[in-house]
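J.: This is the structure I want to talk about, given as structure tokens.
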Amino acid sequence: MAKITDEQLKQLQEQVNTINQNQLQIGNLETQKHTLIHNGVELQNQLRGIQDELEKEYGKITINISTGEYEDIKEEEEEAK
């Protein structure tokens with residue numbers, strides 16, 4: 001059976017190995033992406049819980065996240081008056 005040269009075989013094998021490594025890295029990155037998305041959703045849920053607690057204690061407010069100062073949010077009906 002005919003064969004390609006050893007140099008050609010080596011070059012071909014290296015290229016296939018590089019492609020396989022890239023695909024493995026893409027898979028790892030996709031796994032990290034999935035984990036980060038899941039963590040982001042969980043963090044949003046935790047934030048919503050904190051916001052709910054603050055609303056129970058202070059009512060509907062807008063909070064300056066830098067200073068902690070807050071203002072009441074006026075209802076739309078009150079703004080229309």
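In the structure tokens, chains take the letters A, B, ... in the order shown, each chain's residues start at 1, and ligands count up from 1 in the order shown.
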Could you pull out the alpha helix (DSSP H) residues of chain A from DSSP and send them as a PyMOL selection string?
T.: chain A and resi 6-58+76-80
J.: Mind pulling up the distance from CA of His38 (chain A) to CA of Thr67 (chain A)?
T.: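 Going from CA of Thr67 (chain A) over to CA of His38 (chain A) covers 29.6 Å.
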J.: Report as a tab-separated table the residues of region 57-78 of chain A within 12 Å of region 45-53 of chain A, each with its shortest atom pair and distance in Å (one decimal), using only C-alpha atoms, ordered by chain and increasing residue number.
T.:
residue	atom	partner	partner_atom	distance
A:Glu57	CA	A:Glu53	CA	6.4
A:Tyr58	CA	A:Glu53	CA	8.6
A:Gly59	CA	A:Asp52	CA	9.3
A:Lys60	CA	A:Asp52	CA	9.5
A:Ile61	CA	A:Gln51	CA	9.6
A:Thr62	CA	A:Gln51	CA	10.2
A:Ile63	CA	A:Gln51	CA	10.0
J.: With DSSP run on the backbone, what are the strand (DSSP E or B) residues within chain A? I'd like them as a list in words.
T.: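 Matching residues, listed in order: Ile61, Thr62, Ile63, Tyr70, Glu71 and Asp72 of chain A.
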J.: Please compute the CA of Asn22 (chain A)-CA of Gly40 (chain A) distance, one decimal, in Å.
T.: 26.3 Å
J.: At what distance in Å, to one decimal, does CA of Thr31 (chain A) lie from CA of Leu43 (chain A)?
T.: 18.3 Å
